[in-house]
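What's in input.cif: mmCIF, C-alpha atoms
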data_final
loop_
_atom_site.label_atom_id
_atom_site.label_comp_id
_atom_site.auth_asym_id
_atom_site.auth_seq_id
_atom_site.Cartn_x
_atom_site.Cartn_y
_atom_site.Cartn_z
CA MET A 400 90.44 107.90 73.29
CA ALA A 401 91.87 110.74 75.30
CA GLU A 402 95.52 111.06 76.04
CA ASN A 403 96.55 108.65 78.73
CA GLU A 404 96.54 110.03 82.23
CA PHE A 405 99.74 108.43 83.38
CA LEU A 406 100.66 109.49 86.82
CA GLU A 407 104.22 110.57 87.41
CA GLU A 408 105.80 109.49 90.65
CA LYS A 409 106.33 113.05 91.76
CA THR A 410 102.66 113.84 91.19
CA PHE A 411 101.70 110.61 92.93
CA LYS A 412 103.58 111.75 96.01
CA GLN A 413 101.95 115.17 95.92
CA TYR A 414 98.48 113.71 95.74
CA CYS A 415 99.31 111.32 98.56
CA ALA A 416 100.56 114.21 100.67
CA GLU A 417 97.28 116.09 100.16
CA PHE A 418 95.34 112.96 100.93
CA ILE A 419 97.27 112.31 104.12
CA LYS A 420 96.90 115.91 105.18
CA HIS A 421 93.15 115.54 105.15
CA SER A 422 93.39 112.14 106.79
CA GLU A 423 95.21 113.76 109.68
CA GLU A 424 92.48 116.38 109.95
CA ILE A 425 89.79 113.78 110.36
CA GLY A 426 91.79 111.09 112.11
CA ASP A 427 91.40 108.58 109.31
CA GLY A 428 94.72 106.90 110.03
CA TRP A 429 96.66 107.21 106.80
CA GLU A 430 100.35 107.86 106.97
CA TRP A 431 103.34 107.94 104.70
CA ARG A 432 106.07 105.37 105.09
CA ASN A 433 109.48 105.39 103.49
CA SER A 434 111.47 102.39 102.45
CA LYS A 435 114.66 101.76 104.39
CA ASP A 436 116.79 103.73 101.99
CA CYS A 437 114.09 106.37 101.60
CA SER A 438 114.13 106.06 97.84
CA ASP A 439 110.55 104.82 97.77
CA GLY A 440 107.54 105.45 99.86
CA TYR A 441 103.91 104.50 100.17
CA MET A 442 100.70 105.41 101.95
CA SER A 443 99.57 103.07 104.65
CA LYS A 444 96.51 102.57 106.79
CA THR A 445 95.85 99.96 109.43
CA HIS A 446 92.49 99.55 111.03
CA PHE A 447 90.76 97.04 113.23
CA GLN A 448 87.30 95.66 112.92
CA THR A 449 85.39 93.32 115.17
CA TRP A 450 83.71 90.39 113.54
CA SER A 451 81.31 87.93 115.06
CA ARG A 452 81.10 84.27 114.49
CA THR A 453 77.65 82.89 115.09
CA SER A 454 77.23 79.27 116.00
CA ALA A 455 74.51 78.99 113.38
CA THR A 456 76.56 79.79 110.35
CA GLU A 457 80.18 79.47 111.43
CA GLN A 458 80.77 82.37 109.14
CA LEU A 459 82.35 85.58 110.18
CA PHE A 460 80.51 88.77 109.61
CA PRO A 461 81.49 92.30 110.50
CA GLN A 462 79.85 94.11 113.36
CA ALA A 463 79.21 97.79 113.70
CA GLU A 464 81.11 100.16 111.46
CA ASP A 465 83.09 101.61 114.33
CA ASP A 466 86.71 101.15 113.50
CA PHE A 467 87.94 102.06 116.92
CA GLU A 468 85.99 99.66 119.06
CA LEU A 469 87.83 96.54 119.91
CA CYS A 470 85.16 95.21 122.25
CA SER A 471 82.17 93.52 120.75
CA ASP A 472 79.01 95.52 120.89
CA ASP A 473 76.31 93.01 121.69
CA SER A 474 73.53 95.34 120.78
CA GLU A 475 74.58 94.99 117.16
CA VAL A 476 74.44 91.22 117.17
CA ALA A 477 71.14 89.42 116.88
CA GLY A 478 70.67 86.01 118.40
CA PRO A 479 72.77 84.16 120.96
CA ALA A 480 76.02 85.58 122.21
CA ALA A 481 78.65 85.03 119.56
CA ALA A 482 82.38 84.70 119.73
CA SER A 483 84.10 87.82 118.47
CA GLU A 484 87.22 88.13 116.46
CA VAL A 485 89.25 91.21 115.89
CA ILE A 486 90.55 91.55 112.37
CA ARG A 487 93.49 93.74 111.51
CA TYR A 488 93.33 95.29 108.03
CA GLU A 489 96.23 96.87 106.28
CA TYR A 490 96.01 98.92 103.10
CA HIS A 491 99.01 100.24 101.25
CA VAL A 492 99.06 102.52 98.25
CA LEU A 493 102.22 102.17 96.20
CA TYR A 494 103.34 103.62 92.93
CA SER A 495 103.80 101.26 90.02
CA TYR A 496 106.66 102.30 87.78
CA SER A 497 105.77 99.87 85.06
CA TYR A 498 102.13 100.94 84.82
CA GLY A 499 102.46 104.60 85.84
CA VAL A 500 99.56 104.26 88.25
CA PRO A 501 98.94 103.77 91.96
CA VAL A 502 98.39 100.21 93.17
CA LEU A 503 96.43 99.02 96.18
CA TYR A 504 98.01 96.31 98.31
CA PHE A 505 96.03 94.88 101.20
CA ARG A 506 95.95 92.09 103.71
CA ALA A 507 94.01 91.14 106.79
CA SER A 508 94.78 88.92 109.73
CA PHE A 509 93.44 87.82 113.07
CA LEU A 510 95.20 89.12 116.12
CA ASP A 511 97.13 85.90 116.49
CA GLY A 512 98.67 86.58 113.10
CA ARG A 513 96.66 84.09 111.09
CA PRO A 514 95.94 85.67 107.72
CA LEU A 515 92.44 85.93 106.31
CA THR A 516 91.78 84.28 103.00
CA LEU A 517 90.54 86.38 100.15
CA LYS A 518 87.12 84.84 100.58
CA GLU A 519 87.02 85.85 104.22
CA ILE A 520 87.96 89.39 103.28
CA TRP A 521 85.21 89.48 100.67
CA ASP A 522 82.69 88.29 103.19
CA GLY A 523 83.11 91.65 104.85
CA VAL A 524 82.53 93.66 101.72
CA HIS A 525 79.22 95.45 101.15
CA GLN A 526 76.95 93.55 98.81
CA PHE A 527 76.92 96.52 96.47
CA TYR A 528 80.59 95.98 95.77
CA LYS A 529 80.59 92.21 95.71
CA ALA A 530 78.93 92.14 92.33
CA ARG A 531 81.42 94.67 91.08
CA LEU A 532 84.31 92.68 92.43
CA LEU A 533 83.19 89.61 90.60
CA GLN A 534 82.51 91.30 87.30
CA GLU A 535 84.90 94.11 86.87
CA PRO A 536 87.83 93.59 84.55
CA TRP A 537 89.86 96.02 86.61
CA SER A 538 89.40 94.29 89.89
CA THR A 539 91.55 91.27 89.32
CA ILE A 540 93.13 90.37 92.61
CA THR A 541 96.41 88.55 92.79
CA GLN A 542 98.74 87.75 95.61
CA GLN A 543 102.17 89.26 95.31
CA GLU A 544 105.19 90.11 97.31
CA HIS A 545 105.06 93.67 98.57
CA PRO A 546 107.81 95.50 96.66
CA ILE A 547 109.13 97.24 99.75
CA LEU A 548 108.25 94.95 102.65
CA GLY A 549 108.78 91.68 100.82
CA GLN A 550 105.74 90.07 102.44
CA PRO A 551 102.75 88.54 100.70
CA PHE A 552 99.86 90.91 100.10
CA PHE A 553 96.76 90.83 97.98
CA VAL A 554 96.96 93.28 95.14
CA LEU A 555 94.31 94.92 93.04
CA HIS A 556 95.96 94.46 89.68
CA PRO A 557 96.88 97.76 88.05
CA CYS A 558 96.60 96.81 84.41
CA LYS A 559 93.24 98.52 83.87
CA THR A 560 93.73 101.46 86.20
CA ASN A 561 95.10 103.83 83.59
CA GLU A 562 92.24 103.03 81.25
CA PHE A 563 89.44 103.77 83.64
CA MET A 564 91.12 106.74 85.30
CA THR A 565 91.70 108.31 81.89
CA SER A 566 88.04 107.75 81.10
CA LEU A 567 86.96 109.54 84.26
CA LEU A 568 89.55 112.31 84.13
CA GLU A 569 89.10 113.26 80.49
CA ASN A 570 85.72 114.48 81.54
CA SER A 571 87.14 116.84 84.11
CA GLY A 572 88.37 119.08 81.33
CA LYS A 573 89.53 122.43 82.59
CA ASP A 574 88.58 121.42 86.10
CA LYS A 575 91.26 118.78 86.25
CA ARG A 576 93.08 120.76 88.89
CA ASN A 577 90.16 120.07 91.22
CA THR A 578 90.73 116.37 91.14
CA ASN A 579 93.05 114.52 93.43
CA TYR A 580 93.83 111.41 91.41
CA ILE A 581 94.46 109.35 94.53
CA THR A 582 91.18 110.39 96.15
CA LEU A 583 89.14 109.60 93.06
CA TRP A 584 90.90 106.30 92.43
CA LEU A 585 90.78 105.13 96.02
CA SER A 586 87.12 106.07 96.44
CA ILE A 587 86.34 103.74 93.55
CA VAL A 588 88.62 100.77 94.15
CA GLY A 589 88.95 100.88 97.92
CA PRO A 590 85.42 99.92 98.94
CA VAL A 591 85.59 96.86 96.71
CA VAL A 592 88.11 95.39 99.13
CA GLY A 593 86.65 96.76 102.31
CA LEU A 594 88.38 100.13 102.44
CA ASN A 595 86.00 103.03 102.93
CA ILE A 596 86.87 106.61 102.10
CA PRO A 597 84.82 109.18 104.01
CA LEU A 598 82.98 111.81 102.00
CA SER A 599 84.98 114.62 103.56
CA TYR A 600 87.92 113.79 101.31
CA ALA A 601 85.85 115.10 98.45
CA LYS A 602 85.01 118.24 100.36
CA ALA A 603 88.69 118.68 101.09
CA VAL A 604 89.32 118.89 97.38
CA SER A 605 86.58 121.51 96.99
CA GLN A 606 87.91 123.58 99.84
CA GLN A 607 91.31 123.66 98.28
CA ASP A 608 89.75 125.08 95.15
CA GLU A 609 88.02 127.82 97.06
CA LYS A 610 91.29 128.89 98.54
CA THR A 611 92.97 129.06 95.19
CA ASP A 612 90.13 130.88 93.43
CA MET B 450 80.52 97.82 105.90
CA ALA B 451 77.67 95.48 106.67
CA GLU B 452 74.62 97.34 105.51
CA PRO B 453 71.49 95.44 104.71
CA GLU B 454 70.62 95.47 101.04
CA ARG B 455 67.92 97.86 100.03
CA PRO B 456 65.60 96.98 97.21
CA PRO B 457 65.81 99.40 94.28
CA LEU B 458 63.10 102.04 94.47
CA ALA B 459 61.67 103.98 91.59
CA LEU B 460 62.52 107.66 91.59
CA PRO B 461 59.60 110.06 91.87
CA GLY B 462 58.68 111.54 88.55
CA ALA B 463 59.96 108.55 86.66
CA PRO B 464 57.79 105.87 85.17
CA ALA B 465 58.57 102.32 85.99
CA ALA B 466 61.16 102.78 83.32
CA GLY B 467 62.03 99.12 83.21
CA GLU B 468 58.47 98.01 82.66
CA GLY B 469 57.57 100.85 80.33
CA ALA B 470 60.41 99.96 78.05
CA ALA B 471 59.77 96.26 78.10
CA ASP B 472 57.75 96.34 74.95
CA LEU B 473 60.52 98.00 73.00
CA GLY B 474 61.89 94.58 72.32
CA PRO B 475 64.33 92.11 73.79
CA GLU B 476 66.75 93.36 76.36
CA THR B 477 69.68 94.89 74.58
CA ASN B 478 72.77 96.63 75.73
CA ALA B 479 70.71 99.63 76.58
CA LEU B 480 71.51 102.27 74.03
CA GLU B 481 68.01 103.71 74.03
CA PRO B 482 66.38 105.32 77.04
CA ALA B 483 62.77 104.70 77.86
CA PRO B 484 60.23 106.83 75.99
CA THR B 485 60.14 110.28 77.48
CA ALA B 486 56.40 110.70 77.14
CA ALA B 487 55.74 109.09 80.49
CA VAL B 488 58.74 110.69 82.15
CA SER B 489 58.20 113.66 84.33
CA PRO B 490 61.44 115.61 84.41
CA GLY B 491 62.54 117.56 87.43
CA THR B 492 61.33 120.89 86.19
CA GLU B 493 57.72 119.75 86.23
CA GLU B 494 57.63 118.89 89.89
CA PRO B 495 55.13 120.91 91.93
CA ILE B 496 56.72 123.70 93.94
CA GLY B 497 55.39 122.24 97.17
CA ASP B 498 57.86 119.40 96.81
CA ALA B 499 60.83 121.69 96.34
CA LYS B 500 62.01 121.29 99.89
CA LYS B 501 61.88 117.52 99.90
CA LYS B 502 63.50 117.05 96.55
CA ILE B 503 66.61 118.33 94.96
CA ASP B 504 67.48 118.77 91.33
CA VAL B 505 70.07 116.35 90.06
CA LEU B 506 71.78 116.70 86.71
CA LEU B 507 73.18 113.44 85.40
CA LYS B 508 76.09 113.54 82.99
CA ALA B 509 77.45 110.57 81.12
CA VAL B 510 81.16 109.86 80.92
CA GLY B 511 83.08 108.05 78.22
CA ASP B 512 81.08 105.66 76.09
CA THR B 513 78.24 105.50 78.58
CA PRO B 514 74.85 106.09 76.99
CA ILE B 515 73.43 109.54 77.57
CA MET B 516 70.04 109.74 79.24
CA LYS B 517 67.54 111.72 77.21
CA THR B 518 66.26 113.18 80.41
CA LYS B 519 69.21 114.47 82.35
CA LYS B 520 67.54 116.52 85.00
CA TRP B 521 65.63 114.78 87.76
CA ALA B 522 63.92 115.78 90.97
CA VAL B 523 65.16 113.37 93.57
CA GLU B 524 64.15 112.94 97.18
CA ARG B 525 66.87 114.01 99.55
CA THR B 526 66.94 110.61 101.20
CA ARG B 527 67.51 108.73 97.97
CA THR B 528 70.82 106.91 98.17
CA ILE B 529 73.54 106.61 95.57
CA GLN B 530 72.72 102.94 95.32
CA GLY B 531 69.10 103.76 94.56
CA LEU B 532 70.19 106.25 91.94
CA ILE B 533 72.53 103.77 90.30
CA ASP B 534 69.80 101.13 90.20
CA PHE B 535 67.48 103.67 88.60
CA ILE B 536 69.95 104.74 85.92
CA LYS B 537 70.82 101.12 85.12
CA LYS B 538 67.12 100.35 84.70
CA PHE B 539 66.56 103.49 82.66
CA LEU B 540 69.46 102.70 80.37
CA LYS B 541 68.53 99.02 80.35
CA LEU B 542 71.99 97.89 81.28
CA VAL B 543 72.50 94.19 81.62
CA ALA B 544 73.18 92.79 85.05
CA SER B 545 76.87 92.33 84.43
CA GLU B 546 77.42 95.98 83.63
CA GLN B 547 78.36 98.16 86.54
CA LEU B 548 77.68 101.84 86.86
CA PHE B 549 79.72 104.36 88.80
CA ILE B 550 78.54 107.68 90.05
CA TYR B 551 80.97 110.33 91.13
CA VAL B 552 80.56 113.82 92.44
CA ASN B 553 82.50 117.01 91.99
CA GLN B 554 84.42 115.12 89.30
CA SER B 555 86.62 113.88 92.06
CA PHE B 556 85.03 111.35 94.35
CA ALA B 557 82.86 108.25 94.21
CA PRO B 558 80.49 108.34 97.20
CA SER B 559 79.54 105.21 99.07
CA PRO B 560 76.30 103.50 98.00
CA ASP B 561 74.36 104.47 101.10
CA GLN B 562 75.26 108.13 100.84
CA GLU B 563 72.13 110.25 100.61
CA VAL B 564 71.72 112.55 97.66
CA GLY B 565 70.55 115.34 99.96
CA THR B 566 73.86 115.30 101.82
CA LEU B 567 75.78 115.44 98.57
CA TYR B 568 73.67 118.39 97.48
CA GLU B 569 74.52 120.22 100.71
CA CYS B 570 78.21 119.70 100.06
CA PHE B 571 78.49 119.97 96.31
CA GLY B 572 75.32 121.53 95.00
CA SER B 573 75.54 124.78 93.09
CA ASP B 574 73.11 126.86 91.06
CA GLY B 575 70.31 124.95 92.76
CA LYS B 576 71.36 121.55 91.50
CA LEU B 577 73.69 118.65 92.12
CA VAL B 578 75.75 117.52 89.15
CA LEU B 579 76.65 113.84 89.15
CA HIS B 580 78.71 112.04 86.56
CA TYR B 581 78.01 108.44 85.78
CA CYS B 582 80.17 105.97 83.95
CA LYS B 583 79.47 102.48 82.73
CA SER B 584 82.21 100.00 83.42
CA GLN B 585 82.17 98.44 79.98
CA ALA B 586 83.54 101.70 78.73
CA TRP B 587 86.83 100.45 80.08
CA GLY B 588 86.68 97.30 77.97
#
Exercise: express the given structure as structure tokens:
Amino acid sequence: MAENEFLEEKTFKQYCAEFIKHSEEIGDGWEWRNSKDCSDGYMSKTHFQTWSRTSATEQLFPQAEDDFELCSDDSEVAGPAAASEVIRYEYHVLYSYSYGVPVLYFRASFLDGRPLTLKEIWDGVHQFYKARLLQEPWSTITQQEHPILGQPFFVLHPCKTNEFMTSLLENSGKDKRNTNYITLWLSIVGPVVGLNIPLSYAKAVSQQDEKTD
Amino acid sequence: MAEPERPPLALPGAPAAGEGAADLGPETNALEPAPTAAVSPGTEEPIGDAKKKIDVLLKAVGDTPIMKTKKWAVERTRTIQGLIDFIKKFLKLVASEQLFIYVNQSFAPSPDQEVGTLYECFGSDGKLVLHYCKSQAWG
């Protein structure tokens, strides 16, 4: 087994800064937030999605992919006019001192503040990832108090992160400098809980290489 | 993301790898690829198809089984999901095993990403290199 790819906090912050820089370029909404005493910080993204509730199923399902539309787009909904709900998603990337890895915290709520259950969040996840969510040892989700905000969030448990990131990174070999740990990690774990990472983040990494070559 | 599920489609140039291998015995944890006799690797594709298909080189990561045939000609519109389904079938992975594909050693594309787009962004030397990793490798 290759040497563990523990992530130092300083490196974590550097990768996050690169990630946020690209996010700003494409308007993806990520930002850095500091704790009150500025000793800690984390990456944060909030986005809104419109979901429809059909009378037939009483289940919520997401509408069109457009994150910025708050109005329901009826052309996307088949069948009778459905009541729409706007869901607010929050994703935070924090550094775990005990595990030496990044950790994904997330929560979702209706506009009136009512939180979504984990099941309701999963209902919005692409089928491709649902199977993964159910079967992956690294995708254990727990509910914990956010270390900085002190509010309850769902957390993708970090105990396996180091193992699978090491497995992926050991293959990078001499090209390790090309890899933004946060980008790679988030592109794998994010979609499992409804967070999509646009492909241009990967291009951003490539472009940085070209500049340094 | 609320994409409709697409059924897995066989890649051009590949046999129905799942069926072809069926007579190799009971389904195992997929350490042996299908016999290569019926496989038509990328390099044998007629030149006329060159524009529609791109060359993909698949590299295994960690303890993931290595495919005997690594180079494939893949239609540009083939999605990552389709490619994952194909590799899983080819390697005879059991349903509970998940497979990840990542590009440029730095990013896992979404399942509906088309291989042609990835080639435009990350292809070099006339091919797209993709790494794949089986989740069980992480125990």
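Residues matched by the PyMOL selection byres ((chain A and resi 428-430) around 10) in this file are A:Cys415, A:Ala416, A:Phe418, A:Ile419, A:Lys420, A:His421, A:Ser422, A:Glu423, A:Glu424, A:Ile425, A:Gly426, A:Asp427, A:Trp431, A:Arg432, A:Tyr441, A:Met442, A:Ser443, A:Lys444, A:Thr445, A:His446, A:Tyr490, A:His491.
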>> Excluding Leu506 in chain B and its own-chain neighbours fewer than 3 positions away, which residues fall within 7 Å of it when counting only C-alpha atoms? Please give them as an NGL selection string.
In response: :B and (519-521 or 576-579)
>> Please find the residues of chain A near chain B - the criterion being any atom within 6 Å, counting all atoms listed in the file - and write them as a PyMOL selection string.
In response: chain A and resi 525+563+566+578+583+586-587+601
>> So the first atom is CA of Leu532 in chain B and the second is CA of Trp584 in chain A; what is the distance between them in Å, to one decimal place?
In response: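 Spanning CA of Leu532 in chain B to CA of Trp584 in chain A is a straight-line distance of 20.7 Å.
Interatomic distance, CA of Lys602 in chain A against CA of Gly572 in chain B: 11.6 Å.
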> So what does the PyMOL selection byres ((chain A and resi 514) around 12) actually pick up in this one, as a VMD selection string?
Replying inline: chain A and resid 485 to 489 505 to 513 515 to 520 550 to 553
